[in-house]
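> Okay, so here is structure_16.cif, and as you'll see once you scroll down, it has mmCIF, C-alpha atoms and all ligand atoms.
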data_structure
#
loop_
_atom_site.label_atom_id
_atom_site.label_comp_id
_atom_site.auth_asym_id
_atom_site.auth_seq_id
_atom_site.Cartn_x
_atom_site.Cartn_y
_atom_site.Cartn_z
CA MET A 242 -63.28 43.32 47.92
CA CYS A 243 -60.41 45.42 46.73
CA THR A 244 -59.75 47.96 49.49
CA THR A 245 -57.52 50.09 47.33
CA CYS A 246 -60.22 51.00 44.87
CA GLY A 247 -63.31 49.77 46.69
CA CYS A 248 -64.35 47.91 43.60
CA GLY A 249 -65.29 44.32 42.95
CA GLY A 250 -67.20 44.29 46.23
CA ASP A 251 -69.71 41.76 44.98
CA GLY A 252 -66.81 39.56 43.96
CA ASN A 253 -68.26 39.32 40.47
CA GLY A 254 -65.80 41.38 38.55
CA VAL A 255 -63.29 40.14 36.05
CA VAL A 256 -59.77 41.31 36.70
CA ILE A 257 -57.31 41.49 33.87
CA LYS A 258 -53.73 41.63 34.86
CA LYS A 259 -50.63 42.44 32.88
CA MET A 260 -47.76 40.01 33.29
CA GLY A 261 -44.83 41.18 35.33
CA THR A 262 -46.60 44.19 36.83
CA ASP A 263 -49.20 44.79 39.52
CA GLU A 264 -51.27 46.80 37.08
CA HIS A 265 -54.73 45.35 36.55
CA VAL A 266 -58.22 46.15 35.40
CA HIS A 267 -61.38 45.36 37.36
CA TYR A 268 -64.40 44.73 35.15
CA HIS A 269 -67.61 45.52 36.97
CA SER A 270 -71.00 44.04 36.32
CA ASP A 271 -72.33 47.47 35.30
CA GLY A 272 -69.88 47.56 32.39
CA THR A 273 -67.44 50.10 33.87
CA GLN A 274 -63.81 49.33 34.55
CA THR A 275 -61.13 50.51 36.93
CA VAL A 276 -57.44 50.40 36.07
CA HIS A 277 -54.99 50.56 38.93
CA SER A 278 -51.90 49.02 40.37
CA HIS A 279 -51.45 47.14 43.65
CA LYS A 280 -50.91 43.59 44.76
CA HIS A 281 -53.94 41.37 45.15
CA GLY A 282 -54.44 38.72 47.73
CA HIS A 283 -53.77 39.91 51.24
CA ALA A 284 -51.05 42.40 50.53
CA HIS A 285 -53.57 45.22 51.00
CA PRO A 286 -54.76 46.45 54.38
CA HIS A 287 -57.79 44.71 55.84
CA GLU A 288 -61.04 46.55 55.99
CA LYS A 289 -63.01 46.62 59.24
CA ASN A 290 -65.00 43.53 60.29
CA HIS A 291 -63.25 41.53 57.62
CA GLU A 292 -63.94 37.91 58.55
CA HIS A 293 -61.74 35.19 57.21
CA SER A 294 -63.61 32.03 56.34
CA PRO A 295 -61.45 28.95 55.95
CA VAL A 296 -59.95 29.08 52.49
CA HIS A 297 -57.99 26.52 50.51
CA GLU A 298 -55.48 27.66 48.02
CA ILE A 299 -54.87 25.14 45.28
CA ASN A 300 -51.93 25.66 42.96
CA LEU A 301 -53.29 23.64 40.11
CA GLU A 302 -51.10 24.75 37.17
CA GLN A 303 -53.20 22.62 34.84
CA ASP A 304 -54.01 23.08 31.18
CA ILE A 305 -57.60 24.15 30.70
CA LEU A 306 -57.95 21.59 27.91
CA HIS A 307 -56.17 18.98 30.04
CA LYS A 308 -59.02 16.50 29.71
CA ASN A 309 -59.17 16.79 25.93
CA GLN A 310 -55.42 16.30 25.85
CA LEU A 311 -55.56 13.16 28.01
CA THR A 312 -58.22 11.57 25.84
CA ALA A 313 -56.35 12.61 22.70
CA GLU A 314 -53.26 10.82 24.00
CA ARG A 315 -55.35 7.73 24.73
CA ASN A 316 -56.69 7.80 21.17
CA ARG A 317 -53.15 8.26 19.89
CA GLY A 318 -51.96 5.24 21.86
CA PHE A 319 -54.78 3.16 20.42
CA PHE A 320 -53.88 4.25 16.87
CA GLU A 321 -50.21 3.51 17.38
CA ALA A 322 -50.84 0.07 18.86
CA LEU A 323 -52.96 -0.94 15.88
CA ASN A 324 -50.90 0.96 13.28
CA ILE A 325 -53.87 3.08 12.29
CA LEU A 326 -52.98 6.29 10.46
CA CYS A 327 -55.39 8.92 11.73
CA VAL A 328 -55.72 12.06 9.64
CA ASN A 329 -57.72 15.07 10.83
CA LEU A 330 -58.95 17.14 7.87
CA VAL A 331 -59.72 20.74 8.71
CA SER A 332 -60.81 23.66 6.54
CA SER A 333 -63.38 26.37 6.05
CA PRO A 334 -66.81 25.13 4.93
CA GLY A 335 -66.78 24.28 1.23
CA SER A 336 -63.01 23.91 0.73
CA GLY A 337 -63.54 20.37 -0.51
CA LYS A 338 -62.99 18.06 2.47
CA THR A 339 -65.83 15.67 1.70
CA THR A 340 -65.07 15.57 -2.01
CA LEU A 341 -61.42 14.80 -1.27
CA LEU A 342 -62.49 12.06 1.15
CA GLU A 343 -64.91 10.53 -1.35
CA ARG A 344 -62.25 10.42 -4.03
CA THR A 345 -59.62 9.09 -1.61
CA VAL A 346 -61.75 6.25 -0.26
CA THR A 347 -62.93 5.35 -3.76
CA ASP A 348 -59.40 5.23 -5.20
CA LEU A 349 -57.78 3.48 -2.21
CA LYS A 350 -60.56 0.96 -1.62
CA GLY A 351 -59.21 -2.56 -1.90
CA LYS A 352 -55.65 -1.33 -1.31
CA VAL A 353 -56.03 -0.02 2.23
CA GLU A 354 -58.68 -0.54 4.88
CA ILE A 355 -60.35 2.81 5.47
CA ALA A 356 -62.84 4.17 7.98
CA VAL A 357 -64.25 7.69 8.16
CA ILE A 358 -65.55 9.94 10.91
CA GLU A 359 -67.59 12.90 9.71
CA GLY A 360 -68.10 15.97 11.86
CA ASP A 361 -70.90 18.37 11.09
CA GLN A 362 -73.06 20.64 13.19
CA GLN A 363 -76.43 19.42 11.92
CA THR A 364 -76.56 17.14 8.92
CA SER A 365 -75.57 13.60 8.01
CA ASN A 366 -75.10 14.44 4.32
CA ASP A 367 -71.34 13.98 4.33
CA ALA A 368 -71.39 10.59 6.08
CA GLU A 369 -74.11 9.49 3.66
CA ARG A 370 -71.86 10.47 0.76
CA ILE A 371 -69.03 8.39 2.23
CA ASN A 372 -71.33 5.52 3.11
CA LYS A 373 -72.32 5.23 -0.57
CA THR A 374 -68.73 4.31 -1.38
CA GLY A 375 -69.06 1.27 0.90
CA VAL A 376 -66.59 2.48 3.52
CA PRO A 377 -67.67 2.45 7.19
CA ALA A 378 -68.56 5.98 8.31
CA ILE A 379 -69.66 7.63 11.52
CA GLN A 380 -71.42 10.99 11.67
CA ILE A 381 -70.87 13.18 14.67
CA ASN A 382 -73.35 16.02 14.92
CA THR A 383 -71.92 18.60 17.20
CA GLY A 384 -75.06 20.75 17.37
CA LYS A 385 -73.85 24.21 18.17
CA GLY A 386 -70.35 22.93 18.75
CA CYS A 387 -67.99 24.13 16.09
CA HIS A 388 -65.26 21.52 16.48
CA LEU A 389 -64.75 17.84 17.20
CA ASP A 390 -63.04 16.89 20.43
CA SER A 391 -61.09 13.82 21.47
CA GLU A 392 -63.95 12.42 23.56
CA MET A 393 -66.28 12.41 20.54
CA VAL A 394 -63.62 10.57 18.55
CA SER A 395 -63.02 8.11 21.37
CA LYS A 396 -66.75 7.30 21.54
CA SER A 397 -66.96 6.98 17.77
CA LEU A 398 -64.06 4.53 17.77
CA ARG A 399 -66.12 2.10 19.80
CA LEU A 400 -68.84 2.16 17.15
CA LEU A 401 -66.44 2.16 14.23
CA ASN A 402 -64.02 -0.51 15.41
CA PRO A 403 -61.27 0.35 12.89
CA LYS A 404 -59.05 -2.49 11.68
CA PRO A 405 -55.28 -2.76 12.30
CA ASN A 406 -53.01 -1.30 9.58
CA SER A 407 -55.77 0.94 8.32
CA LEU A 408 -56.47 4.55 7.54
CA LEU A 409 -58.86 6.61 9.66
CA LEU A 410 -59.91 9.85 8.01
CA ILE A 411 -61.69 12.43 10.11
CA GLU A 412 -63.52 15.37 8.56
CA ASN A 413 -63.69 18.06 11.19
CA VAL A 414 -66.43 20.67 11.40
CA GLY A 415 -65.94 23.33 8.69
CA ASN A 416 -64.20 26.01 10.72
CA LEU A 417 -60.63 27.28 10.67
CA VAL A 418 -60.62 28.59 14.22
CA CYS A 419 -61.85 26.23 16.90
CA PRO A 420 -60.67 22.82 15.66
CA ALA A 421 -57.10 24.15 15.91
CA MET A 422 -57.29 23.97 19.70
CA PHE A 423 -58.61 20.44 20.02
CA ASP A 424 -56.17 17.59 19.52
CA LEU A 425 -58.07 14.46 18.52
CA GLY A 426 -55.08 12.15 18.79
CA GLU A 427 -54.42 12.29 15.05
CA LYS A 428 -50.99 11.64 13.56
CA ILE A 429 -51.52 14.12 10.75
CA ARG A 430 -53.51 17.31 10.79
CA ALA A 431 -54.15 18.38 7.21
CA VAL A 432 -55.50 21.84 6.55
CA ILE A 433 -57.26 22.21 3.21
CA VAL A 434 -57.46 25.49 1.38
CA SER A 435 -59.00 25.75 -2.07
CA VAL A 436 -57.74 27.99 -4.86
CA THR A 437 -61.04 29.88 -4.70
CA GLU A 438 -60.07 31.23 -1.27
CA GLY A 439 -57.71 34.10 -0.51
CA GLU A 440 -53.94 33.70 -0.65
CA ASP A 441 -53.78 35.32 2.79
CA LYS A 442 -55.88 32.63 4.47
CA PRO A 443 -52.87 31.29 6.41
CA LEU A 444 -52.23 34.75 7.85
CA LYS A 445 -55.88 35.18 8.82
CA TYR A 446 -56.08 31.80 10.52
CA PRO A 447 -52.50 31.21 11.65
CA ASP A 448 -53.36 28.85 14.52
CA MET A 449 -54.70 26.23 12.15
CA PHE A 450 -51.73 26.41 9.79
CA HIS A 451 -49.35 26.43 12.72
CA SER A 452 -50.80 23.26 14.22
CA SER A 453 -50.99 21.30 10.94
CA GLN A 454 -48.29 19.14 9.35
CA VAL A 455 -49.85 19.05 5.90
CA CYS A 456 -51.48 21.69 3.73
CA ILE A 457 -53.64 20.46 0.87
CA ILE A 458 -54.34 23.02 -1.84
CA SER A 459 -57.57 21.86 -3.42
CA LYS A 460 -59.61 22.46 -6.58
CA THR A 461 -56.50 23.08 -8.69
CA ASP A 462 -58.55 22.24 -11.81
CA LEU A 463 -60.04 25.72 -11.42
CA LEU A 464 -56.67 27.50 -11.58
CA PRO A 465 -56.87 28.36 -15.31
CA HIS A 466 -60.06 30.32 -14.63
CA LEU A 467 -58.77 32.27 -11.66
CA LYS A 468 -56.25 34.92 -10.80
CA PHE A 469 -54.90 32.90 -7.92
CA ASP A 470 -51.27 33.14 -6.87
CA LEU A 471 -50.36 29.66 -5.67
CA GLU A 472 -46.82 30.66 -4.67
CA SER A 473 -48.09 33.52 -2.57
CA LEU A 474 -50.45 31.17 -0.70
CA LYS A 475 -47.58 28.77 -0.05
CA ASN A 476 -45.27 31.55 1.10
CA ASN A 477 -47.85 32.81 3.54
CA ALA A 478 -48.41 29.30 4.88
CA LEU A 479 -44.65 28.80 5.27
CA LYS A 480 -44.35 32.01 7.25
CA VAL A 481 -46.74 30.56 9.80
CA ASN A 482 -45.28 27.06 9.65
CA PRO A 483 -42.02 26.50 7.75
CA ASN A 484 -42.38 22.71 8.18
CA LEU A 485 -45.65 22.35 6.26
CA GLN A 486 -45.76 19.72 3.54
CA PHE A 487 -47.92 20.70 0.55
CA PHE A 488 -50.12 18.71 -1.78
CA GLU A 489 -51.76 20.36 -4.77
CA VAL A 490 -54.79 18.37 -5.75
CA SER A 491 -58.00 18.33 -7.69
CA ALA A 492 -60.49 15.79 -6.44
CA GLU A 493 -62.45 16.60 -9.58
CA SER A 494 -59.82 15.75 -12.22
CA GLY A 495 -57.68 13.55 -9.99
CA GLN A 496 -54.63 15.73 -10.66
CA GLY A 497 -52.07 15.48 -7.84
CA MET A 498 -54.04 12.82 -5.97
CA GLY A 499 -51.33 10.20 -6.59
CA ASP A 500 -48.83 12.01 -4.35
CA TRP A 501 -51.41 12.29 -1.62
CA TYR A 502 -52.14 8.54 -1.81
CA LYS A 503 -48.44 7.72 -1.77
CA PHE A 504 -48.01 9.86 1.33
CA LEU A 505 -50.85 8.05 3.12
CA THR A 506 -49.90 4.51 2.15
CA ASN A 507 -46.20 5.06 2.97
CA LYS A 508 -47.18 6.14 6.46
CA ILE A 509 -49.13 2.94 7.04
CA GLY A 510 -46.18 0.95 5.65
CA MET B 837 -73.93 4.15 9.33
CA SER B 838 -74.31 5.29 12.91
CA VAL B 839 -75.27 8.77 13.98
CA TYR B 840 -73.89 9.96 17.23
CA ARG B 841 -75.43 13.25 18.30
CA ILE B 842 -74.02 15.65 20.82
CA ASN B 843 -76.28 18.33 22.13
CA CYS B 844 -75.17 21.48 23.73
CA ILE B 845 -76.64 21.23 27.20
CA VAL B 846 -74.98 24.26 28.65
CA CYS B 847 -76.49 27.24 26.92
CA LYS B 848 -77.43 28.66 23.55
CA ILE B 849 -74.29 30.65 22.94
CA GLU B 850 -72.71 30.18 19.54
CA LYS B 851 -69.08 31.06 20.29
CA MET B 852 -68.43 27.49 21.15
CA HIS B 853 -64.76 27.17 21.57
CA GLU B 854 -64.71 29.80 24.23
CA LEU B 855 -67.70 27.95 25.66
CA SER B 856 -65.69 24.73 25.66
CA ILE B 857 -62.97 26.59 27.48
CA ALA B 858 -65.45 27.96 30.02
CA THR B 859 -67.08 24.58 30.63
CA SER B 860 -63.69 22.89 31.02
CA ILE B 861 -62.78 25.46 33.63
CA LEU B 862 -66.10 24.94 35.38
CA LYS B 863 -65.69 21.15 35.49
CA THR B 864 -62.25 21.48 37.03
CA ALA B 865 -63.46 24.06 39.53
CA GLU B 866 -66.40 21.86 40.57
CA ARG B 867 -64.10 18.91 41.11
CA GLU B 868 -61.61 20.92 43.15
CA VAL B 869 -64.36 22.47 45.29
CA GLU B 870 -65.77 19.05 46.03
CA ASN B 871 -62.35 17.55 46.80
CA SER B 872 -61.51 20.33 49.21
CA GLY B 873 -64.86 20.21 51.00
CA GLY B 874 -65.53 23.85 50.24
CA HIS B 875 -68.63 25.37 48.69
CA ALA B 876 -67.47 27.89 46.12
CA VAL B 877 -64.48 29.44 44.39
CA LYS B 878 -63.37 32.76 45.83
CA GLU B 879 -60.68 33.50 43.31
CA ILE B 880 -59.42 31.80 40.18
CA THR B 881 -56.18 32.60 38.39
CA LEU B 882 -56.14 31.82 34.68
CA SER B 883 -53.44 32.18 32.07
CA VAL B 884 -54.66 32.85 28.56
CA GLY B 885 -51.65 33.58 26.38
CA LYS B 886 -51.87 36.23 23.67
CA LEU B 887 -51.27 33.51 21.07
CA ALA B 888 -53.58 30.92 22.63
CA GLY B 889 -56.37 31.54 20.14
CA VAL B 890 -58.96 32.50 22.74
CA GLU B 891 -60.84 35.77 22.52
CA ILE B 892 -60.93 37.28 25.97
CA ASP B 893 -64.07 39.29 25.18
CA SER B 894 -65.94 36.17 24.09
CA LEU B 895 -64.75 34.29 27.13
CA LYS B 896 -65.93 37.09 29.44
CA PHE B 897 -69.29 37.25 27.72
CA ILE B 898 -69.77 33.51 28.07
CA TRP B 899 -68.53 33.57 31.63
CA GLY B 900 -71.28 35.97 32.64
CA ALA B 901 -73.93 33.74 31.09
CA CYS B 902 -72.60 30.33 32.03
CA MET B 903 -71.35 30.68 35.54
CA LYS B 904 -74.65 31.67 37.16
CA HIS B 905 -75.62 29.27 39.95
CA THR B 906 -72.26 27.52 39.77
CA VAL B 907 -69.28 27.38 42.11
CA LEU B 908 -67.71 30.08 39.95
CA GLU B 909 -70.58 32.55 40.13
CA LYS B 910 -68.93 34.77 42.71
CA ALA B 911 -65.32 34.04 41.87
CA GLU B 912 -62.95 36.86 41.23
CA ILE B 913 -61.00 36.13 38.08
CA VAL B 914 -57.36 37.01 37.90
CA LEU B 915 -56.47 36.77 34.27
CA LEU B 916 -52.85 36.58 33.19
CA GLU B 917 -52.15 37.18 29.54
CA PRO B 918 -48.57 36.09 28.83
CA LYS B 919 -47.18 37.76 25.75
CA GLY B 920 -45.77 35.87 22.80
CA LYS B 921 -42.05 35.11 22.90
CA ALA B 922 -40.01 32.93 20.59
CA VAL B 923 -36.44 31.82 20.04
CA CYS B 924 -35.09 31.77 16.50
CA MET B 925 -33.96 28.30 15.48
CA GLU B 926 -31.41 29.71 13.04
CA CYS B 927 -29.57 32.32 15.11
CA GLY B 928 -30.87 31.91 18.66
CA THR B 929 -32.30 35.41 19.00
CA VAL B 930 -35.13 35.64 21.52
CA PHE B 931 -37.83 37.99 20.30
CA ALA B 932 -41.36 39.21 21.00
CA LEU B 933 -43.91 37.35 18.91
CA GLU B 934 -47.02 39.36 18.18
CA LYS B 935 -48.30 37.03 15.46
CA LEU B 936 -47.53 33.39 14.80
CA TYR B 937 -46.05 34.40 11.44
CA ASP B 938 -43.55 36.97 12.71
CA SER B 939 -40.00 36.33 11.58
CA CYS B 940 -36.76 36.71 13.48
CA PRO B 941 -35.90 40.42 13.65
CA LYS B 942 -32.21 39.61 13.32
CA CYS B 943 -31.91 37.03 10.55
CA GLY B 944 -35.43 36.99 9.08
CA SER B 945 -35.99 33.25 9.60
CA TYR B 946 -39.49 31.88 10.18
CA PHE B 947 -38.15 28.83 12.00
CA LYS B 948 -38.74 29.48 15.65
CA GLU B 949 -39.72 27.81 18.84
CA ILE B 950 -42.49 29.46 20.83
CA MET B 951 -41.47 30.02 24.44
CA SER B 952 -44.58 31.72 25.73
CA GLY B 953 -47.93 33.11 24.67
CA LYS B 954 -49.65 29.76 23.98
CA GLU B 955 -50.61 29.18 27.64
CA LEU B 956 -54.14 28.14 28.42
CA LYS B 957 -54.06 27.21 32.06
CA ILE B 958 -55.75 27.27 35.41
CA ASN B 959 -52.94 28.40 37.67
CA LYS B 960 -54.65 28.66 41.01
CA LEU B 961 -57.95 28.31 42.78
CA ILE B 962 -58.88 29.79 46.12
CA ILE B 963 -61.79 27.85 47.51
CA MET B 964 -64.01 28.97 50.36
N1 LIG A 1001 -63.91 22.27 -9.39
C1 LIG A 1001 -63.80 21.58 -8.24
N2 LIG A 1001 -64.77 21.66 -7.31
C2 LIG A 1001 -64.63 20.97 -6.17
C3 LIG A 1001 -63.49 20.18 -5.91
N3 LIG A 1001 -63.62 19.63 -4.67
C4 LIG A 1001 -64.81 20.07 -4.20
N4 LIG A 1001 -65.43 20.86 -5.08
C5 LIG A 1001 -66.74 21.50 -4.92
O1 LIG A 1001 -66.72 22.37 -3.80
C6 LIG A 1001 -67.95 22.31 -3.11
C7 LIG A 1001 -67.75 21.98 -1.63
O2 LIG A 1001 -67.12 20.72 -1.53
P1 LIG A 1001 -67.23 19.81 -0.22
O3 LIG A 1001 -66.38 18.62 -0.48
O4 LIG A 1001 -68.64 19.55 0.15
O5 LIG A 1001 -66.55 20.76 0.85
P2 LIG A 1001 -66.46 20.62 2.45
O6 LIG A 1001 -67.48 21.54 3.02
O7 LIG A 1001 -65.08 21.06 2.80
O8 LIG A 1001 -66.71 19.19 2.80
C8 LIG A 1001 -68.80 21.28 -3.83
O9 LIG A 1001 -69.67 21.95 -4.69
C9 LIG A 1001 -67.79 20.47 -4.60
O10 LIG A 1001 -68.32 19.93 -5.78
C10 LIG A 1001 -62.46 20.13 -6.92
O11 LIG A 1001 -61.42 19.49 -6.78
N5 LIG A 1001 -62.66 20.86 -8.06
MG MG A 1002 -68.06 18.35 4.17
ZN ZN A 1003 -57.62 45.80 42.75
ZN ZN A 1004 -58.20 39.42 53.99
ZN ZN A 1005 -65.81 27.94 18.03
ZN ZN A 1006 -32.73 34.58 13.69
#
Would you mind writing the file's structure down as structure tokens?
Ligand SMILES: Nc1nc2c(ncn2[C@@H]2O[C@H](COP(=O)(O)OP(=O)(O)O)[C@@H](O)[C@H]2O)c(=O)[nH]1
Ligand SMILES: [Mg+2]
Ligand SMILES: [Zn+2]
Ligand SMILES: [Zn+2]
Ligand SMILES: [Zn+2]
Ligand SMILES: [Zn+2]

Amino acid sequence: MCTTCGCGGDGNGVVIKKMGTDEHVHYHSDGTQTVHSHKHGHAHPHEKNHEHSPVHEINLEQDILHKNQLTAERNRGFFEALNILCVNLVSSPGSGKTTLLERTVTDLKGKVEIAVIEGDQQTSNDAERINKTGVPAIQINTGKGCHLDSEMVSKSLRLLNPKPNSLLLIENVGNLVCPAMFDLGEKIRAVIVSVTEGEDKPLKYPDMFHSSQVCIISKTDLLPHLKFDLESLKNNALKVNPNLQFFEVSAESGQGMGDWYKFLTNKIG
Amino acid sequence: MSVYRINCIVCKIEKMHELSIATSILKTAEREVENSGGHAVKEITLSVGKLAGVEIDSLKFIWGACMKHTVLEKAEIVLLEPKGKAVCMECGTVFALEKLYDSCPKCGSYFKEIMSGKELKINKLIIM
């Protein structure tokens, strides 16, 4: 326990520490907190009858998502060896990921080998939509999980068996927060934002825009009916990530889809 | 078409990415406790950078629920929260980064390299 403040005696408390200072907060199980400043560890005087049990100190310095990262790198190695272009599509629910995928696999069928992995919390609707186009599809139901991880993709790859020189499109769970943190081993992360969403979306969800290489602005056929400022959306996205490459598409009318296809097929070579 | 279902076996909490973080920490802690022949974690030092995308409140809430009857149940958590820092790729100015979309205070450029604030790490475990 902390002898300076007498708190954290049950060893259950969370301590929040500011970098570069000794100042820290003890969070107690009863909901109260104590802010004070002293060194932790054994820099404080020992209380009476303080027994030392054998302790091991392990300086791990390991990323918390280390395991996800390792598996992502394994997936990436597999993709590179077989020249598979893996694209991870991320967006809020309803931005048009599945519709874009349907249109893409329909238009590229016969030109490029394509396989699809669909992530969804509960349903198989999206994979069924893709399956109707005749392209191999896997559904991952994450249950309460709000993102795909590299292990799920790795397991799916065994079922999917994607061909060399092909395109693997992954639709992540509709969520602009969590999937940002989980590398799947993809070459391209493409964040989709539709013109029916706010122009400030990139500023509200900066992690996703920061970690993507491509930003697809979808449903552009609706632009004439909306007061949507496309340039403002792009400017906001560029503030977060000045290297983003944009595609403006309508999966409905097909407008702008040609550039997107060219981008994909050029990458496969 | 194959369906591959993943069930959440840990708990019923919805804030799943903080849950993923918590379970990753737990798995590592369990492995380290076993490797060292100890029985529990006495203290764990974590770094969760201000720009790491993890909500500390959610993580704490999940921690309370998930760590019962585990090697981390009684662990004291020392939480480091490194602040965001970036270097401007245009003019080289090093500046505090509160948000990922902050620009260089000197030249206004958005091209920058993040130096700190993205950490998500287990720094140290003390095992008893
Ligand atoms: N007008 C228009 N509607 C679209 C377009 N793409 C998708 N939608 C509609 O947006 C809704 C959600 O699309 P969906 O592809 O299921 O989004 P997801 O949740 O991101 O997979 C559906 O009603 C689609 O018909 C588009 O290019 N133009
Ligand atoms: Mg969908
Ligand atoms: Zn203290
Ligand atoms: Zn002591
Ligand atoms: Zn989440
Ligand atoms: Zn500058």
> Can you measure CA of Val884 (chain B) to CA of Leu915 (chain B) for me? One decimal in Å is fine.
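Computing it gives 7.2 Å between the two atoms.
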> I need the residue nearest chain A from this list: B:Thr906, B:Ser856, B:Ser952, B:Ser894. Use only C-alpha atoms for the distance.
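Comparing B:Thr906, B:Ser856, B:Ser952, B:Ser894 against chain A, the winner is B:Ser856.
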> Could you tell me how far CA of Glu891 (chain B) sits from CA of Glu854 (chain B), in Å to one decimal place?
7.3 Å
> Out of A:Ser459, A:Ser391, A:Asn484, A:Gln496, which residue has the shortest atom-to-atom distance to chain B when counting only C-alpha atoms?
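Checking each candidate against chain B, we get A:Asn484 as the closest.
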> Pick out the residues sitting within 9 Å of Leu341 (chain A), and hand them over as an MDAnalysis selection string; count all atoms listed in the file, and ignore anything fewer than 3 positions along from it in its own chain.
chainID A and resid 337:338 344:346 459 490:493 498
> Suppose you want the space between CA of Gly889 (chain B) and CA of Phe947 (chain B); what is it in Å?
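So the two atoms, CA of Gly889 (chain B) and CA of Phe947 (chain B), lie 20.1 Å apart.
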> Nearest to chain B among A:Gln363, A:Asn324, A:Ser395, A:Asn382, with distances taken over only C-alpha atoms: which residue is it?
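Among the listed residues, A:Asn382 lies closest to chain B.
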> Between A:Val414, A:Leu323, A:Leu444, A:Val376, which has the minimum distance to ligand LIG 1001 (chain A) (counting all atoms listed in the file)?
A:Val414
> List every protein, DNA or RNA residue that has an atom no more than 6 Å from (-55.3, 24.1, 1.2) in the file's coordinate frame, counting all atoms listed in the file, and report them as a PDB file with C-alpha atoms, keeping the file's coordinate frame.

ATOM      1  CA  VAL A 432     -55.500  21.840   6.550  1.00  0.00           C
ATOM      2  CA  ILE A 433     -57.260  22.210   3.210  1.00  0.00           C
ATOM      3  CA  VAL A 434     -57.460  25.490   1.380  1.00  0.00           C
ATOM      4  CA  SER A 435     -59.000  25.750  -2.070  1.00  0.00           C
ATOM      5  CA  CYS A 456     -51.480  21.690   3.730  1.00  0.00           C
ATOM      6  CA  ILE A 457     -53.640  20.460   0.870  1.00  0.00           C
ATOM      7  CA  ILE A 458     -54.340  23.020  -1.840  1.00  0.00           C
ATOM      8  CA  SER A 459     -57.570  21.860  -3.420  1.00  0.00           C
TER       9      SER A 459
END
> Sort by chain and increasing residue number a table of all residues of chain B within 12 Å of ligand ZN 1003 (chain A), each with its closest pair of atoms and their distance in Å to one decimal, counting only C-alpha atoms and all ligand atoms, and write it as a tab-separated table.

residue	atom	partner	partner_atom	distance
B:Glu912	CA	A:ZN1003	ZN	10.5
B:Ile913	CA	A:ZN1003	ZN	11.3
B:Val914	CA	A:ZN1003	ZN	10.0
> Go ahead and find all residues with at least one atom no further than 10 Å from (-59.7, 29.5, 0.6) in the file's coordinates, using all atoms listed in the file; report them as number ranges by chain.
A: 332-337, 433-443, 458-459, 474
> Using only C-alpha atoms, please write the residues we just selected to a file, as a JSON list (two decimals), keeping the file's coordinate frame.

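Wrote it out as part-v5.json, contents follow:
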[["chain", "number", "residue", "atom", "x", "y", "z"],
["A", 332, "SER", "CA", -60.81, 23.66, 6.54],
["A", 333, "SER", "CA", -63.38, 26.37, 6.05],
["A", 334, "PRO", "CA", -66.81, 25.13, 4.93],
["A", 335, "GLY", "CA", -66.78, 24.28, 1.23],
["A", 336, "SER", "CA", -63.01, 23.91, 0.73],
["A", 337, "GLY", "CA", -63.54, 20.37, -0.51],
["A", 433, "ILE", "CA", -57.26, 22.21, 3.21],
["A", 434, "VAL", "CA", -57.46, 25.49, 1.38],
["A", 435, "SER", "CA", -59.00, 25.75, -2.07],
["A", 436, "VAL", "CA", -57.74, 27.99, -4.86],
["A", 437, "THR", "CA", -61.04, 29.88, -4.70],
["A", 438, "GLU", "CA", -60.07, 31.23, -1.27],
["A", 439, "GLY", "CA", -57.71, 34.10, -0.51],
["A", 440, "GLU", "CA", -53.94, 33.70, -0.65],
["A", 441, "ASP", "CA", -53.78, 35.32, 2.79],
["A", 442, "LYS", "CA", -55.88, 32.63, 4.47],
["A", 443, "PRO", "CA", -52.87, 31.29, 6.41],
["A", 458, "ILE", "CA", -54.34, 23.02, -1.84],
["A", 459, "SER", "CA", -57.57, 21.86, -3.42],
["A", 474, "LEU", "CA", -50.45, 31.17, -0.70]]
> Could you list, as a PyMOL selection string, all protein and nucleic acid residues with an atom at most 6 Å from ligand ZN 1006 (chain A), counting only C-alpha atoms and all ligand atoms?
chain B and resi 924+926-929+940+942-945
> May I have the residues within 10 Å of region 863-869 of chain B as an MDAnalysis selection string, using only C-alpha atoms and disregarding those fewer than 2 positions away in the same chain?
(chainID A and resid 297 299 301 303 305 307:308) or (chainID B and resid 858:861 871:877 880 906:908 958 961:964)
> Pick out the residues sitting within 7 Å of Ala421 (chain A), and hand them over as a count of residues only; count only C-alpha atoms, and ignore anything fewer than 6 positions along from it in its own chain.
3
> Could you check which of B:Lys921, B:Lys878, B:Lys886, B:His853 is closest to Leu956 (chain B), using only C-alpha atoms?
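For Leu956 (chain B), the nearest of the candidates is B:Lys886.
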> Using all atoms listed in the file, pick whichever of A:His388, A:Arg315, A:Lys445, A:Arg430 has the shortest atom-to-atom distance to ligand ZN 1005 (chain A).
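When distances to ligand ZN 1005 (chain A) are compared using all atoms listed in the file, the smallest one comes from A:His388.
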> Enumerate as a ChimeraX atom specification the residues within 9 Å of ligand ZN 1005 (chain A), counting all atoms listed in the file.
/A:385-388,416,418-420 /B:850-856
> With C-alpha atoms kept, could you save the residues just selected as a compact mmCIF listing (two decimals), keeping the file's coordinate frame?

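This is the output file result-v2.txt:
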# COMPACT_ATOMS: atom_id res chain seq x y z
CA LYS A 385 -73.85 24.21 18.17
CA GLY A 386 -70.35 22.93 18.75
CA CYS A 387 -67.99 24.13 16.09
CA HIS A 388 -65.26 21.52 16.48
CA ASN A 416 -64.20 26.01 10.72
CA VAL A 418 -60.62 28.59 14.22
CA CYS A 419 -61.85 26.23 16.90
CA PRO A 420 -60.67 22.82 15.66
CA GLU B 850 -72.71 30.18 19.54
CA LYS B 851 -69.08 31.06 20.29
CA MET B 852 -68.43 27.49 21.15
CA HIS B 853 -64.76 27.17 21.57
CA GLU B 854 -64.71 29.80 24.23
CA LEU B 855 -67.70 27.95 25.66
CA SER B 856 -65.69 24.73 25.66
